[in-house]
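Enquirer: Pasting start.txt below, which is compact mmCIF, C-alpha atoms.
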```txt
# COMPACT_ATOMS: atom_id res chain seq x y z
CA MET E 23 -24.43 -17.23 28.53
CA THR E 24 -23.88 -14.86 31.44
CA ILE E 25 -23.11 -17.23 34.33
CA HIS E 26 -22.39 -16.07 37.87
CA TYR E 27 -21.33 -18.42 40.65
CA PHE E 28 -22.17 -17.20 44.12
CA GLU E 29 -21.20 -18.47 47.57
CA SER E 30 -23.30 -16.51 50.06
CA ALA E 31 -27.01 -16.33 50.81
CA ALA E 32 -26.49 -12.63 51.48
CA ASP E 33 -25.42 -11.97 47.89
CA PRO E 34 -27.67 -9.06 46.82
CA ARG E 35 -27.74 -10.29 43.22
CA VAL E 36 -30.08 -13.13 44.18
CA ALA E 37 -32.45 -11.06 46.32
CA ASP E 38 -35.38 -11.97 44.05
CA TYR E 39 -35.20 -15.54 45.35
CA THR E 40 -34.95 -15.00 49.10
CA GLN E 41 -37.66 -16.18 51.52
CA LEU E 42 -39.82 -17.83 48.86
CA THR E 43 -41.71 -19.77 51.53
CA ASP E 44 -42.91 -16.60 53.28
CA VAL E 45 -46.32 -16.32 51.58
CA HIS E 46 -47.37 -13.04 53.18
CA LEU E 47 -44.11 -11.35 52.29
CA ARG E 48 -43.97 -12.66 48.73
CA LYS E 49 -47.57 -11.89 47.79
CA LEU E 50 -46.95 -8.27 48.76
CA ARG E 51 -43.44 -7.96 47.42
CA GLU E 52 -43.71 -9.61 44.00
CA PRO E 53 -46.52 -7.50 42.49
CA ALA E 54 -44.99 -4.35 43.97
CA GLU E 55 -41.65 -5.14 42.31
CA GLY E 56 -43.24 -6.20 39.04
CA MET E 57 -41.92 -9.75 39.14
CA TYR E 58 -42.88 -13.37 39.79
CA ILE E 59 -41.03 -16.66 40.15
CA ALA E 60 -41.26 -19.44 37.55
CA GLU E 61 -40.33 -22.70 39.27
CA SER E 62 -39.08 -25.75 37.30
CA SER E 63 -37.62 -25.89 33.84
CA ARG E 64 -40.99 -26.80 32.30
CA VAL E 65 -42.78 -23.83 33.84
CA LEU E 66 -40.07 -21.31 33.00
CA ARG E 67 -40.03 -22.59 29.41
CA ARG E 68 -43.79 -22.02 29.21
CA ALA E 69 -43.36 -18.52 30.62
CA LEU E 70 -40.77 -17.73 27.98
CA ALA E 71 -42.93 -19.26 25.24
CA ALA E 72 -45.74 -16.93 26.35
CA GLY E 73 -43.44 -13.96 25.73
CA HIS E 74 -42.65 -13.14 29.35
CA GLN E 75 -39.22 -11.63 29.94
CA PRO E 76 -36.70 -13.07 32.44
CA ARG E 77 -34.83 -10.96 34.98
CA SER E 78 -32.46 -13.78 35.93
CA PHE E 79 -32.11 -17.55 36.16
CA PHE E 80 -31.31 -19.44 39.36
CA LEU E 81 -30.13 -23.07 39.38
CA ALA E 82 -27.76 -25.69 40.68
CA GLU E 83 -24.86 -26.52 38.39
CA LYS E 84 -26.19 -30.01 37.62
CA TRP E 85 -29.12 -28.39 35.73
CA LEU E 86 -26.92 -26.19 33.60
CA GLU E 87 -26.83 -28.49 30.60
CA ASP E 88 -30.60 -29.02 30.69
CA LEU E 89 -31.16 -25.23 30.46
CA ARG E 90 -28.28 -24.48 28.10
CA ASP E 91 -30.57 -23.70 25.14
CA VAL E 92 -32.59 -21.26 27.25
CA LEU E 93 -29.51 -19.55 28.63
CA ASP E 94 -28.04 -19.29 25.14
CA ALA E 95 -31.25 -17.64 23.93
CA TYR E 96 -30.97 -14.93 26.63
CA PRO E 97 -27.24 -14.16 26.75
CA GLN E 98 -27.73 -10.82 28.53
CA VAL E 99 -29.78 -12.32 31.37
CA PRO E 100 -27.64 -13.44 34.33
CA ALA E 101 -27.76 -17.07 35.42
CA PHE E 102 -26.88 -17.53 39.09
CA ILE E 103 -25.43 -20.90 40.06
CA GLY E 104 -24.80 -22.21 43.54
CA SER E 105 -24.69 -25.42 45.53
CA ALA E 106 -27.94 -27.22 46.37
CA ALA E 107 -27.48 -26.38 50.05
CA LEU E 108 -26.95 -22.70 49.31
CA LEU E 109 -30.00 -22.55 47.05
CA GLU E 110 -32.07 -24.14 49.81
CA ASP E 111 -30.72 -21.66 52.35
CA ILE E 112 -31.82 -18.77 50.12
CA THR E 113 -35.24 -20.02 49.03
CA GLY E 114 -36.31 -21.90 52.15
CA PHE E 115 -36.86 -25.26 50.44
CA HIS E 116 -34.95 -27.91 48.52
CA LEU E 117 -34.85 -26.94 44.86
CA HIS E 118 -35.42 -30.23 43.06
CA ARG E 119 -37.42 -29.13 40.02
CA GLY E 120 -34.50 -28.13 37.84
CA ALA E 121 -34.29 -24.38 37.96
CA MET E 122 -36.07 -21.12 38.66
CA ALA E 123 -36.35 -17.81 36.91
CA ALA E 124 -37.32 -14.41 38.20
CA MET E 125 -39.66 -13.07 35.52
CA GLN E 126 -41.01 -9.64 34.73
CA ARG E 127 -44.77 -9.46 35.22
CA PRO E 128 -46.52 -8.73 31.93
CA ALA E 129 -48.46 -5.50 31.66
CA PRO E 130 -52.13 -5.85 32.72
CA VAL E 131 -54.56 -6.40 29.87
CA PRO E 132 -57.33 -3.74 29.77
CA LEU E 133 -60.68 -5.31 30.58
CA PRO E 134 -62.40 -4.33 27.29
CA GLU E 135 -59.56 -5.98 25.39
CA LEU E 136 -59.74 -9.03 27.63
CA LEU E 137 -63.47 -9.49 27.01
CA ALA E 138 -63.44 -8.74 23.28
CA GLY E 139 -64.47 -11.93 21.52
CA ALA E 140 -64.73 -13.91 24.76
CA ARG E 141 -67.63 -16.33 25.19
CA ARG E 142 -66.77 -17.92 28.54
CA VAL E 143 -65.22 -16.09 31.48
CA ALA E 144 -64.42 -17.36 34.97
CA VAL E 145 -64.58 -14.96 37.92
CA LEU E 146 -62.86 -15.88 41.19
CA GLU E 147 -64.20 -14.30 44.36
CA ASP E 148 -61.67 -14.18 47.21
CA ILE E 149 -60.20 -17.63 46.52
CA VAL E 150 -57.11 -17.40 48.70
CA ASP E 151 -55.61 -20.88 48.44
CA HIS E 152 -52.97 -20.63 45.73
CA THR E 153 -53.27 -24.35 45.00
CA ASN E 154 -56.94 -23.86 44.14
CA VAL E 155 -56.15 -20.79 42.04
CA GLY E 156 -53.58 -22.72 40.03
CA ALA E 157 -55.86 -25.74 39.58
CA ILE E 158 -58.70 -23.51 38.37
CA PHE E 159 -56.42 -21.89 35.80
CA ARG E 160 -55.32 -25.31 34.57
CA SER E 161 -58.95 -26.31 34.05
CA ALA E 162 -59.70 -22.96 32.45
CA ALA E 163 -56.91 -23.44 29.94
CA ALA E 164 -58.10 -26.93 29.05
CA LEU E 165 -61.85 -26.32 28.97
CA ASP E 166 -62.55 -23.32 26.74
CA ILE E 167 -62.43 -20.49 29.27
CA ASP E 168 -61.36 -17.37 27.36
CA ALA E 169 -60.43 -15.16 30.33
CA VAL E 170 -60.29 -15.17 34.12
CA LEU E 171 -61.11 -12.23 36.38
CA VAL E 172 -60.07 -12.22 40.03
CA SER E 173 -61.52 -10.17 42.86
CA PRO E 174 -59.32 -7.69 44.78
CA ARG E 175 -58.73 -10.16 47.62
CA CYS E 176 -58.22 -13.26 45.49
CA GLY E 177 -54.87 -15.05 45.56
CA ASP E 178 -52.22 -14.07 43.03
CA PRO E 179 -52.37 -16.24 39.88
CA LEU E 180 -48.63 -15.57 39.40
CA TYR E 181 -47.63 -16.61 42.91
CA ARG E 182 -45.12 -19.47 42.71
CA ARG E 183 -47.49 -22.17 43.96
CA SER E 184 -50.31 -21.06 41.67
CA VAL E 185 -48.00 -21.14 38.67
CA ARG E 186 -46.58 -24.53 39.62
CA VAL E 187 -49.97 -26.18 40.21
CA SER E 188 -51.27 -24.76 36.93
CA MET E 189 -48.21 -26.33 35.20
CA GLY E 190 -47.64 -22.94 33.61
CA THR E 191 -51.06 -22.85 31.95
CA VAL E 192 -51.71 -19.63 33.88
CA PHE E 193 -49.62 -18.00 31.14
CA GLN E 194 -52.07 -19.19 28.48
CA VAL E 195 -55.29 -17.72 29.88
CA PRO E 196 -55.63 -13.91 29.84
CA TRP E 197 -56.59 -12.59 33.26
CA ALA E 198 -57.13 -9.35 35.13
CA ARG E 199 -57.70 -8.23 38.70
CA LEU E 200 -60.90 -6.30 39.34
CA THR E 201 -60.70 -3.27 41.60
CA THR E 202 -64.20 -2.86 43.02
CA TRP E 203 -66.09 -5.90 44.24
CA PRO E 204 -68.78 -6.96 43.50
CA GLU E 205 -69.68 -3.75 41.69
CA ASP E 206 -67.36 -4.59 38.78
CA LEU E 207 -69.66 -7.46 37.80
CA HIS E 208 -71.78 -4.88 35.98
CA LEU E 209 -68.91 -4.49 33.51
CA LEU E 210 -69.52 -8.05 32.38
CA LYS E 211 -73.21 -7.35 31.90
CA GLU E 212 -72.35 -4.27 29.87
CA HIS E 213 -70.35 -6.54 27.57
CA GLY E 214 -73.35 -8.82 27.09
CA PHE E 215 -72.51 -11.58 29.55
CA THR E 216 -75.00 -13.53 31.61
CA VAL E 217 -73.37 -13.62 35.05
CA ALA E 218 -73.93 -16.91 36.88
CA ALA E 219 -72.89 -17.85 40.40
CA LEU E 220 -71.85 -21.46 41.01
CA GLU E 221 -73.58 -21.72 44.37
CA LEU E 222 -76.18 -23.83 46.17
CA THR E 223 -79.16 -21.53 46.57
CA ASP E 224 -82.86 -22.24 46.77
CA ASP E 225 -83.38 -21.07 43.20
CA ALA E 226 -80.17 -22.45 41.69
CA GLN E 227 -80.59 -24.11 38.31
CA ASP E 228 -78.95 -27.41 37.43
CA VAL E 229 -75.78 -26.87 35.42
CA ASP E 230 -76.98 -29.14 32.63
CA ALA E 231 -80.18 -27.12 32.22
CA VAL E 232 -78.16 -23.92 31.80
CA ALA E 233 -75.79 -25.71 29.45
CA ALA E 234 -78.72 -26.81 27.28
CA ARG E 235 -79.63 -23.15 26.71
CA ASN E 236 -76.06 -22.55 25.50
CA PRO E 237 -75.78 -18.86 26.47
CA GLY E 238 -73.87 -16.84 23.92
CA LYS E 239 -71.73 -15.17 26.62
CA LEU E 240 -71.48 -16.57 30.12
CA ALA E 241 -69.41 -15.45 33.12
CA LEU E 242 -69.21 -18.03 35.91
CA VAL E 243 -68.45 -16.74 39.41
CA LEU E 244 -66.73 -19.13 41.83
CA GLY E 245 -66.87 -18.35 45.54
CA THR E 246 -64.24 -18.52 48.22
CA GLU E 247 -63.32 -21.70 50.05
CA GLY E 248 -65.39 -22.48 53.12
CA ALA E 249 -67.67 -19.46 53.41
CA GLY E 250 -68.87 -19.64 49.82
CA MET E 251 -70.15 -16.71 47.88
CA SER E 252 -70.91 -13.40 49.56
CA ALA E 253 -74.47 -12.07 49.78
CA GLY E 254 -73.48 -8.99 47.78
CA THR E 255 -72.21 -11.12 44.92
CA LEU E 256 -75.31 -13.31 44.90
CA ALA E 257 -77.45 -10.18 44.70
CA ALA E 258 -75.41 -8.91 41.74
CA VAL E 259 -75.49 -12.01 39.52
CA ASP E 260 -78.21 -12.94 37.03
CA ILE E 261 -78.65 -16.60 38.00
CA ALA E 262 -77.28 -19.24 40.34
CA VAL E 263 -76.10 -22.59 39.04
CA LYS E 264 -75.53 -25.86 40.90
CA ILE E 265 -73.93 -29.20 40.19
CA PRO E 266 -76.36 -31.98 41.21
CA MET E 267 -74.85 -34.16 43.95
CA ARG E 268 -75.34 -37.79 44.88
CA ASN E 269 -74.81 -40.03 47.92
CA GLY E 270 -75.24 -37.29 50.49
CA VAL E 271 -72.30 -35.20 49.26
CA ASP E 272 -73.27 -31.53 49.39
CA SER E 273 -70.38 -29.88 47.56
CA LEU E 274 -67.06 -30.25 45.78
CA ASN E 275 -63.77 -28.48 46.32
CA VAL E 276 -63.89 -25.24 44.34
CA ALA E 277 -61.17 -26.38 41.93
CA ALA E 278 -62.96 -29.68 41.21
CA ALA E 279 -66.29 -27.88 40.85
CA SER E 280 -64.77 -25.43 38.40
CA ALA E 281 -63.63 -28.24 36.10
CA VAL E 282 -67.09 -29.83 36.08
CA ALA E 283 -68.82 -26.52 35.44
CA PHE E 284 -66.36 -25.36 32.78
CA TRP E 285 -66.91 -28.59 30.86
CA GLU E 286 -70.70 -28.58 31.18
CA LEU E 287 -71.04 -24.90 30.30
CA ARG E 288 -68.61 -24.82 27.38
CA PRO E 289 -69.91 -23.18 24.18
CA ARG E 290 -71.90 -25.59 22.01
CA ASP E 291 -71.57 -24.53 18.40
```
In structure tokens, write the structure found in this file.

Expert:
Amino acid sequence: MTIHYFESAADPRVADYTQLTDVHLRKLREPAEGMYIAESSRVLRRALAAGHQPRSFFLAEKWLEDLRDVLDAYPQVPAFIGSAALLEDITGFHLHRGAMAAMQRPAPVPLPELLAGARRVAVLEDIVDHTNVGAIFRSAAALDIDAVLVSPRCGDPLYRRSVRVSMGTVFQVPWARLTTWPEDLHLLKEHGFTVAALELTDDAQDVDAVAARNPGKLALVLGTEGAGMSAGTLAAVDIAVKIPMRNGVDSLNVAAASAVAFWELRPRD
């Protein structure tokens, strides 16, 4: 193990971990620097199991024994250890989930490779709440979604909160960020996908009716919180799909709706 004890929040060696609660700063900084933060021993273990490479580890001394096997497996990667108060001063919150790691972002997967062999794809339009992004990825991993595409303005799936809420399942589902929205939806059609919007429109079809047809390839677009799906996206999709509601409820949270739709629209062999 390569263990370093530090005593100052200004120590430049732990710069990756500073101001973790500043969402605006971190969502700009982390992709630009090619890194992300894996929070908790369970999540960082899942990141490592997925083949992601650590830049450093960051933990209080009481968690050292719990992570000893991980640190032994990466002897050239520095492990920074400080008091709980010092770690909180650096990160902006009390670190009570064991440990953190600054990880290298994996190289983006080319879209043709991402879609090769895929039968079900989720597409996230401008979903900015990282809790929702993480919850959608968790459902995607559990419910037969082969890939996730995110619009240019969508929240970062590798932002700390997204990763934590997904319980690290974001590492299991291949994903890519589209560059031109909603024009890039035509790429899905070129790969043989029926593109469906999960949205309440006058001509929306019940999700169970679409499921009964069992489309060979289906891409399900989920709209942003609050405003819903943009008019340009609705004009670009093939069909709209809705989840029938009861008792005067008109909609579900986007993360809850994604789980229902993923289950109903799973491939039926």

Enquirer: Any idea what the distance is between atom CA of E:Val99 and atom CA of E:Gly114?

Expert: 23.8 Å

Enquirer: Determine, for each residue of stretch 114-206 of chain E having at least one atom at most 12 Å from an atom of stretch 46-55 of chain E, the closest pair of atoms and their separation in Å to one decimal, counting only C-alpha atoms; order by chain and ascending number, as CSV.

Expert:
```
residue,atom,partner,partner_atom,distance
E:Ala124,CA,E:Glu52,CA,9.9
E:Met125,CA,E:Glu52,CA,10.0
E:Gln126,CA,E:Glu55,CA,8.8
E:Arg127,CA,E:Pro53,CA,7.7
E:Pro128,CA,E:Pro53,CA,10.6
E:Ala129,CA,E:Pro53,CA,11.2
E:Pro130,CA,E:Pro53,CA,11.4
E:Val150,CA,E:Lys49,CA,11.1
E:His152,CA,E:Lys49,CA,10.5
E:Arg175,CA,E:Lys49,CA,11.3
E:Cys176,CA,E:Lys49,CA,11.0
E:Gly177,CA,E:Lys49,CA,8.3
E:Asp178,CA,E:Lys49,CA,7.0
E:Pro179,CA,E:Lys49,CA,10.2
E:Leu180,CA,E:Pro53,CA,8.9
E:Tyr181,CA,E:Lys49,CA,6.8
E:Arg182,CA,E:Arg48,CA,9.2
E:Arg183,CA,E:Lys49,CA,11.0
E:Ser184,CA,E:Lys49,CA,11.4
E:Arg199,CA,E:Pro53,CA,11.8
```

Enquirer: Could you jot down the atom CA of E:Pro266 to atom CA of E:Arg288 separation for me, Å, one decimal place?

Expert: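 So the two atoms, atom CA of E:Pro266 and atom CA of E:Arg288, lie 17.4 Å apart.
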
Enquirer: Counting all atoms listed in the file, which residue out of E:Gly245, E:Asp228, E:Val263, E:Ala278 sits closest to E:Ser161?

Expert: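 Of E:Gly245, E:Asp228, E:Val263, E:Ala278, the one nearest E:Ser161 is E:Ala278, counting all atoms listed in the file.
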
Enquirer: One number please: atom CA of E:Asp151 to atom CA of E:Pro289, in Å, one decimal.

Expert: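 Atom CA of E:Asp151 sits 28.3 Å away from atom CA of E:Pro289.
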
Enquirer: May I have the centre and edge lengths, in Å to one decimal, of an axis-aligned box around the listed atoms of stretch 62-74 of chain E with 4 Å added to every side, as JSON?

Expert:
```
{"center_x": -41.7, "center_y": -20.0, "center_z": 31.3, "size_x": 16.1, "size_y": 21.7, "size_z": 20.1}
```

Enquirer: Mind listing as a PyMOL selection string all residues within 12 Å of (-80.6, -14.9, 37.1), counting all atoms listed in the file?

Expert: chain E and resi 211+215-220+223+225-227+232+240-242+256-263

Enquirer: Got a sec: who's within 9 Å of E:Thr24, counting all atoms listed in the file, leaving out chain neighbours fewer than 3 positions off, as a PyMOL selection string?

Expert: chain E and resi 93-94+96-102

Enquirer: Out of E:Ser188, E:Asp168, E:Pro132, E:Ala31, which residue has the shortest atom-to-atom distance to E:Ala106 when counting all atoms listed in the file?

Expert: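 When distances to E:Ala106 are compared using all atoms listed in the file, the smallest one comes from E:Ala31.
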